[in-house]
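> Got a structure for you, upload22.pdb, holding PDB, C-alpha atoms, pLDDT in the B column.
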```pdb
ATOM      1  CA  GLN A 645      -6.570-108.001  -2.707  1.00 92.00           C
ATOM      2  CA  VAL A 646      -6.761-110.362   0.231  1.00 95.00           C
ATOM      3  CA  GLN A 647      -5.633-109.409   3.718  1.00 97.00           C
ATOM      4  CA  LEU A 648      -4.516-112.069   6.193  1.00 97.00           C
ATOM      5  CA  VAL A 649      -4.054-111.583   9.923  1.00 96.00           C
ATOM      6  CA  GLU A 650      -2.593-114.314  12.125  1.00 95.00           C
ATOM      7  CA  SER A 651      -2.990-114.687  15.856  1.00 94.00           C
ATOM      8  CA  GLY A 652      -2.300-117.215  18.568  1.00 94.00           C
ATOM      9  CA  GLY A 653       1.463-117.600  18.673  1.00 92.00           C
ATOM     10  CA  GLY A 654       3.431-117.637  21.887  1.00 96.00           C
ATOM     11  CA  LEU A 655       5.764-119.536  24.178  1.00 97.00           C
ATOM     12  CA  VAL A 656       4.992-123.110  25.186  1.00 98.00           C
ATOM     13  CA  GLN A 657       6.904-125.980  26.743  1.00 98.00           C
ATOM     14  CA  ALA A 658       7.754-129.064  24.752  1.00 98.00           C
ATOM     15  CA  GLY A 659       4.794-131.421  24.630  1.00 98.00           C
ATOM     16  CA  GLY A 660       2.326-128.580  24.880  1.00 98.00           C
ATOM     17  CA  SER A 661      -0.246-127.252  22.440  1.00 98.00           C
ATOM     18  CA  LEU A 662      -1.019-124.020  20.633  1.00 98.00           C
ATOM     19  CA  ARG A 663      -3.662-122.933  18.164  1.00 98.00           C
ATOM     20  CA  LEU A 664      -2.942-120.440  15.444  1.00 98.00           C
ATOM     21  CA  SER A 665      -5.720-118.626  13.652  1.00 98.00           C
ATOM     22  CA  CYS A 666      -5.747-116.715  10.385  1.00 98.00           C
ATOM     23  CA  ALA A 667      -8.527-114.345   9.379  1.00 97.00           C
ATOM     24  CA  ALA A 668      -8.950-113.490   5.713  1.00 96.00           C
ATOM     25  CA  SER A 669     -10.685-110.391   4.413  1.00 95.00           C
ATOM     26  CA  GLY A 670     -11.067-108.565   1.124  1.00 94.00           C
ATOM     27  CA  ARG A 671     -11.567-110.476  -2.135  1.00 91.00           C
ATOM     28  CA  THR A 672     -11.854-113.852  -0.433  1.00 91.00           C
ATOM     29  CA  PHE A 673     -14.210-115.292  -3.062  1.00 90.00           C
ATOM     30  CA  ASN A 674     -11.216-116.210  -5.235  1.00 90.00           C
ATOM     31  CA  ILE A 675      -9.340-118.174  -2.556  1.00 94.00           C
ATOM     32  CA  GLN A 676      -8.637-121.726  -3.717  1.00 95.00           C
ATOM     33  CA  ALA A 677      -6.374-122.864  -0.899  1.00 96.00           C
ATOM     34  CA  MET A 678      -4.894-121.648   2.340  1.00 97.00           C
ATOM     35  CA  GLY A 679      -1.726-122.818   3.945  1.00 97.00           C
ATOM     36  CA  TRP A 680       0.628-122.423   6.846  1.00 98.00           C
ATOM     37  CA  PHE A 681       4.354-122.092   6.379  1.00 98.00           C
ATOM     38  CA  ARG A 682       7.088-121.548   8.948  1.00 98.00           C
ATOM     39  CA  GLN A 683      10.514-120.014   8.959  1.00 98.00           C
ATOM     40  CA  ALA A 684      13.165-120.632  11.574  1.00 96.00           C
ATOM     41  CA  PRO A 685      16.149-118.261  11.922  1.00 92.00           C
ATOM     42  CA  GLY A 686      18.601-118.723   9.079  1.00 94.00           C
ATOM     43  CA  LYS A 687      16.368-121.170   7.246  1.00 96.00           C
ATOM     44  CA  GLU A 688      13.965-121.067   4.349  1.00 96.00           C
ATOM     45  CA  ARG A 689      10.232-120.721   4.719  1.00 97.00           C
ATOM     46  CA  ASP A 690       8.894-124.272   4.727  1.00 97.00           C
ATOM     47  CA  PHE A 691       5.483-125.769   4.106  1.00 98.00           C
ATOM     48  CA  VAL A 692       3.574-126.953   7.172  1.00 98.00           C
ATOM     49  CA  ALA A 693      -0.043-127.609   6.204  1.00 98.00           C
ATOM     50  CA  ALA A 694      -2.683-126.582   3.679  1.00 98.00           C
ATOM     51  CA  ILE A 695      -6.383-126.920   3.078  1.00 97.00           C
ATOM     52  CA  ARG A 696      -8.517-126.723  -0.032  1.00 95.00           C
ATOM     53  CA  TRP A 697     -10.962-123.907   0.565  1.00 92.00           C
ATOM     54  CA  SER A 698     -13.976-125.479  -1.111  1.00 89.00           C
ATOM     55  CA  GLY A 699     -13.608-129.204  -0.468  1.00 84.00           C
ATOM     56  CA  GLY A 700     -11.634-129.136   2.764  1.00 87.00           C
ATOM     57  CA  ASN A 701      -8.931-131.572   1.638  1.00 94.00           C
ATOM     58  CA  THR A 702      -5.911-131.268   3.901  1.00 96.00           C
ATOM     59  CA  TYR A 703      -2.196-131.677   3.324  1.00 96.00           C
ATOM     60  CA  TYR A 704       0.668-131.854   5.823  1.00 97.00           C
ATOM     61  CA  ALA A 705       4.412-131.851   5.898  1.00 97.00           C
ATOM     62  CA  ASP A 706       5.770-135.178   7.115  1.00 97.00           C
ATOM     63  CA  SER A 707       7.330-133.476  10.129  1.00 97.00           C
ATOM     64  CA  VAL A 708       3.932-132.439  11.519  1.00 98.00           C
ATOM     65  CA  LYS A 709       1.641-135.290  10.449  1.00 98.00           C
ATOM     66  CA  GLY A 710      -0.265-136.670  13.388  1.00 97.00           C
ATOM     67  CA  ARG A 711       0.539-133.641  15.551  1.00 98.00           C
ATOM     68  CA  PHE A 712      -0.916-130.663  13.657  1.00 98.00           C
ATOM     69  CA  THR A 713      -4.434-130.224  12.320  1.00 98.00           C
ATOM     70  CA  ILE A 714      -5.555-127.573   9.848  1.00 98.00           C
ATOM     71  CA  SER A 715      -9.198-126.579   9.596  1.00 97.00           C
ATOM     72  CA  ARG A 716     -11.252-123.812   8.058  1.00 95.00           C
ATOM     73  CA  ASP A 717     -14.501-121.993   8.614  1.00 93.00           C
ATOM     74  CA  ASN A 718     -15.755-120.733   5.272  1.00 88.00           C
ATOM     75  CA  ALA A 719     -18.491-118.634   6.834  1.00 91.00           C
ATOM     76  CA  LYS A 720     -15.997-116.748   8.996  1.00 93.00           C
ATOM     77  CA  ASN A 721     -13.173-116.840   6.435  1.00 93.00           C
ATOM     78  CA  THR A 722     -10.767-118.237   8.988  1.00 96.00           C
ATOM     79  CA  VAL A 723      -8.262-121.070   8.971  1.00 97.00           C
ATOM     80  CA  ASP A 724      -6.817-122.559  12.134  1.00 98.00           C
ATOM     81  CA  LEU A 725      -3.750-124.639  12.820  1.00 98.00           C
ATOM     82  CA  ARG A 726      -3.995-126.767  15.924  1.00 98.00           C
ATOM     83  CA  MET A 727      -0.528-127.822  17.057  1.00 98.00           C
ATOM     84  CA  ASN A 728      -0.132-130.625  19.591  1.00 98.00           C
ATOM     85  CA  THR A 729       2.891-132.374  21.071  1.00 98.00           C
ATOM     86  CA  LEU A 730       5.070-129.427  20.173  1.00 98.00           C
ATOM     87  CA  LYS A 731       8.816-129.901  19.910  1.00 98.00           C
ATOM     88  CA  PRO A 732      11.652-127.367  20.167  1.00 97.00           C
ATOM     89  CA  GLU A 733      12.270-127.833  16.440  1.00 97.00           C
ATOM     90  CA  ASP A 734       8.787-126.419  15.782  1.00 98.00           C
ATOM     91  CA  THR A 735      10.072-123.037  16.907  1.00 98.00           C
ATOM     92  CA  ALA A 736       9.661-120.575  14.054  1.00 98.00           C
ATOM     93  CA  VAL A 737       7.662-117.676  12.721  1.00 98.00           C
ATOM     94  CA  TYR A 738       4.457-119.132  11.300  1.00 98.00           C
ATOM     95  CA  TYR A 739       2.890-117.516   8.252  1.00 98.00           C
ATOM     96  CA  CYS A 740      -0.610-117.876   6.900  1.00 98.00           C
ATOM     97  CA  ALA A 741      -0.897-117.847   3.122  1.00 98.00           C
ATOM     98  CA  ALA A 742      -3.726-117.728   0.608  1.00 97.00           C
ATOM     99  CA  GLY A 743      -3.779-118.904  -2.974  1.00 96.00           C
ATOM    100  CA  ALA A 744      -6.306-116.674  -4.683  1.00 93.00           C
ATOM    101  CA  ARG A 745      -6.378-117.805  -8.296  1.00 90.00           C
ATOM    102  CA  SER A 746      -8.760-118.929 -10.983  1.00 89.00           C
ATOM    103  CA  TRP A 747      -7.810-122.568 -10.444  1.00 89.00           C
ATOM    104  CA  TRP A 748      -5.626-124.728  -8.231  1.00 92.00           C
ATOM    105  CA  ILE A 749      -3.958-128.082  -8.727  1.00 92.00           C
ATOM    106  CA  SER A 750      -2.964-130.568  -6.068  1.00 88.00           C
ATOM    107  CA  THR A 751       0.764-130.291  -6.664  1.00 90.00           C
ATOM    108  CA  TRP A 752       0.703-126.636  -5.668  1.00 94.00           C
ATOM    109  CA  TYR A 753      -0.130-126.989  -1.971  1.00 94.00           C
ATOM    110  CA  GLU A 754       3.477-127.226  -0.823  1.00 95.00           C
ATOM    111  CA  GLN A 755       4.817-124.628  -3.239  1.00 95.00           C
ATOM    112  CA  ARG A 756       5.447-121.308  -1.580  1.00 95.00           C
ATOM    113  CA  ASP A 757       5.377-119.330  -4.817  1.00 95.00           C
ATOM    114  CA  LYS A 758       1.817-120.445  -5.632  1.00 95.00           C
ATOM    115  CA  TYR A 759       0.424-118.523  -2.684  1.00 97.00           C
ATOM    116  CA  ASN A 760      -0.027-114.884  -3.600  1.00 95.00           C
ATOM    117  CA  TYR A 761      -1.079-113.407  -0.245  1.00 97.00           C
ATOM    118  CA  TRP A 762       0.715-113.667   3.080  1.00 98.00           C
ATOM    119  CA  GLY A 763       0.111-112.644   6.645  1.00 97.00           C
ATOM    120  CA  GLN A 764       2.623-110.823   8.800  1.00 96.00           C
ATOM    121  CA  GLY A 765       3.635-113.941  10.734  1.00 96.00           C
ATOM    122  CA  THR A 766       3.337-114.994  14.350  1.00 97.00           C
ATOM    123  CA  GLN A 767       6.131-116.307  16.544  1.00 97.00           C
ATOM    124  CA  VAL A 768       5.917-119.780  18.048  1.00 98.00           C
ATOM    125  CA  THR A 769       8.602-120.698  20.571  1.00 98.00           C
ATOM    126  CA  VAL A 770       8.815-124.170  22.088  1.00 98.00           C
ATOM    127  CA  SER A 771      11.119-124.513  25.072  1.00 97.00           C
ATOM    128  CA  SER A 772      12.772-127.789  26.006  1.00 93.00           C
TER
END
```
Please lay out the structure from this file as structure tokens.

Amino acid sequence: QVQLVESGGGLVQAGGSLRLSCAASGRTFNIQAMGWFRQAPGKERDFVAAIRWSGGNTYYADSVKGRFTISRDNAKNTVDLRMNTLKPEDTAVYYCAAGARSWWISTWYEQRDKYNYWGQGTQVTVSS
């Protein structure tokens, strides 16, 4: 089992910045990738960004490229999402996810069902 705890959400004005953090604990040795997804009211949970745990390769949704940065600290078992130039449409509950499997392939990063552990979510609200 892997436990994930997010922190860092809140209310910010458009154009502002926030940093989300996710701390992983438990059987973290099997984590292949970690990602951030978000879910706005009445919408599906969408991919935001992901990072390969061992190599550090990063992947982003087109809507956040150039504004968001995902990073990880393997020693601390944490993954951060730095969000700049926030827009009202970024408002959502943000979820941290871990793919703890024997292997991982590059086409899986954006696929919600490939992540088998999820955090409780943290609210991000961007006012206009």
> Within 10 Å of Ser661 in chain A, counting only C-alpha atoms, which residues show up once you throw out same-chain ones fewer than 4 positions away? Write them as an MDAnalysis selection string, please.
chainID A and resid 655:657 711:712 726:731 770
> Save the residues we just selected, C-alpha atoms, as a PDB file, in the coordinates of the input?

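And here is the file that came out, again.pdb:
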```
ATOM      1  CA  LEU A 655       5.764-119.536  24.178  1.00 97.00           C
ATOM      2  CA  VAL A 656       4.992-123.110  25.186  1.00 98.00           C
ATOM      3  CA  GLN A 657       6.904-125.980  26.743  1.00 98.00           C
ATOM      4  CA  ARG A 711       0.539-133.641  15.551  1.00 98.00           C
ATOM      5  CA  PHE A 712      -0.916-130.663  13.657  1.00 98.00           C
ATOM      6  CA  ARG A 726      -3.995-126.767  15.924  1.00 98.00           C
ATOM      7  CA  MET A 727      -0.528-127.822  17.057  1.00 98.00           C
ATOM      8  CA  ASN A 728      -0.132-130.625  19.591  1.00 98.00           C
ATOM      9  CA  THR A 729       2.891-132.374  21.071  1.00 98.00           C
ATOM     10  CA  LEU A 730       5.070-129.427  20.173  1.00 98.00           C
ATOM     11  CA  LYS A 731       8.816-129.901  19.910  1.00 98.00           C
ATOM     12  CA  VAL A 770       8.815-124.170  22.088  1.00 98.00           C
TER      13      VAL A 770
END
```
> For each of A:Phe691, A:Trp747, A:Trp680, A:Tyr738, take the minimum atom-to-atom distance to Ser715 in chain A, counting only C-alpha atoms, then give the residue where this is smallest.
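Of all the options, A:Trp680 lies closest to Ser715 in chain A.
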> Could you spell out the hits of the PyMOL selection byres ((chain A and resi 748) around 10) on the shown file, as a ChimeraX atom specification?
/A:675-677,696,743-747,749-753,758
> Pull out every residue that the PyMOL selection byres ((chain A and resi 772) around 6) matches in the shown coordinates and put them as a PyMOL selection string.
chain A and resi 658+732+771
> Would you mind exporting C-alpha atoms of the selected residues as an mmCIF file, keeping the file's coordinate frame?

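The resulting file, part_27.cif, is shown below:
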```
data_model
loop_
_atom_site.group_PDB
_atom_site.id
_atom_site.type_symbol
_atom_site.label_atom_id
_atom_site.label_comp_id
_atom_site.auth_asym_id
_atom_site.auth_seq_id
_atom_site.Cartn_x
_atom_site.Cartn_y
_atom_site.Cartn_z
ATOM 1 C CA ALA A 658 7.754 -129.064 24.752
ATOM 2 C CA PRO A 732 11.652 -127.367 20.167
ATOM 3 C CA SER A 771 11.119 -124.513 25.072
#
```
> Give me, please, the distance in Å between CA of Gln767 in chain A and CA of Trp697 in chain A, quoted to one decimal.
24.6 Å
> Applied to this file, what does the PyMOL selection byres ((chain A and resi 646) around 12) return in terms of residues, put as a list in words?
Gln645, Gln647, Leu648, Val649, Ala667, Ala668, Ser669, Gly670, Arg671, Thr672, Phe673, Asn674, Ile675, Met678, Asn721, Cys740, Ala741, Ala742, Gly743, Ala744, Arg745, Tyr759, Asn760, Tyr761, Trp762 and Gly763 of chain A
> Those same residues - C-alpha atoms - I'd like them written as a tab-separated table (two decimals), keeping the file's coordinate frame.

```tsv
chain	number	residue	atom	x	y	z
A	645	GLN	CA	-6.57	-108.00	-2.71
A	647	GLN	CA	-5.63	-109.41	3.72
A	648	LEU	CA	-4.52	-112.07	6.19
A	649	VAL	CA	-4.05	-111.58	9.92
A	667	ALA	CA	-8.53	-114.34	9.38
A	668	ALA	CA	-8.95	-113.49	5.71
A	669	SER	CA	-10.68	-110.39	4.41
A	670	GLY	CA	-11.07	-108.56	1.12
A	671	ARG	CA	-11.57	-110.48	-2.13
A	672	THR	CA	-11.85	-113.85	-0.43
A	673	PHE	CA	-14.21	-115.29	-3.06
A	674	ASN	CA	-11.22	-116.21	-5.24
A	675	ILE	CA	-9.34	-118.17	-2.56
A	678	MET	CA	-4.89	-121.65	2.34
A	721	ASN	CA	-13.17	-116.84	6.44
A	740	CYS	CA	-0.61	-117.88	6.90
A	741	ALA	CA	-0.90	-117.85	3.12
A	742	ALA	CA	-3.73	-117.73	0.61
A	743	GLY	CA	-3.78	-118.90	-2.97
A	744	ALA	CA	-6.31	-116.67	-4.68
A	745	ARG	CA	-6.38	-117.80	-8.30
A	759	TYR	CA	0.42	-118.52	-2.68
A	760	ASN	CA	-0.03	-114.88	-3.60
A	761	TYR	CA	-1.08	-113.41	-0.24
A	762	TRP	CA	0.72	-113.67	3.08
A	763	GLY	CA	0.11	-112.64	6.64
```
> Env of Gly654 in chain A: 10 Å cut, atoms = all atoms listed in the file, seq-sep filter 6 positions within chain, self excluded. Answer as a list in words.
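So the residues in contact are Leu662, Arg663, Leu664, Thr735, Thr766, Gln767, Val768, Thr769 and Val770 of chain A.
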> Which distance in Å separates CA of Gly652 in chain A and CA of Gly699 in chain A, to one decimal?
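Interatomic distance here is 25.2 Å.
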> What gap, in Å, lies between CA of Val737 in chain A and CA of Tyr703 in chain A?
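It comes out at 19.5 Å.
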> Hey, can I get the axis-aligned box for range 713-732 of chain A? All listed atoms, 3 Å padding on each side, centre and edge lengths in Å to one decimal, as AutoDock Vina command-line options.

```
--center_x -3.4 --center_y -124.6 --center_z 13.2 --size_x 36.1 --size_y 21.6 --size_z 21.8
```
> Name the closest residue to Phe681 in chain A among the candidates A:Ala694, A:Ser665, A:Ala719, A:Thr702; distances are taken between atoms, counting all atoms listed in the file.
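Between A:Ala694, A:Ser665, A:Ala719, A:Thr702, the residue approaching Phe681 in chain A most closely is A:Ala694.
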> Counting all atoms listed in the file, which residue out of A:Gly660, A:Lys709, A:Ala693, A:Cys666 sits closest to Thr722 in chain A?
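The closest residue to Thr722 in chain A is A:Cys666.
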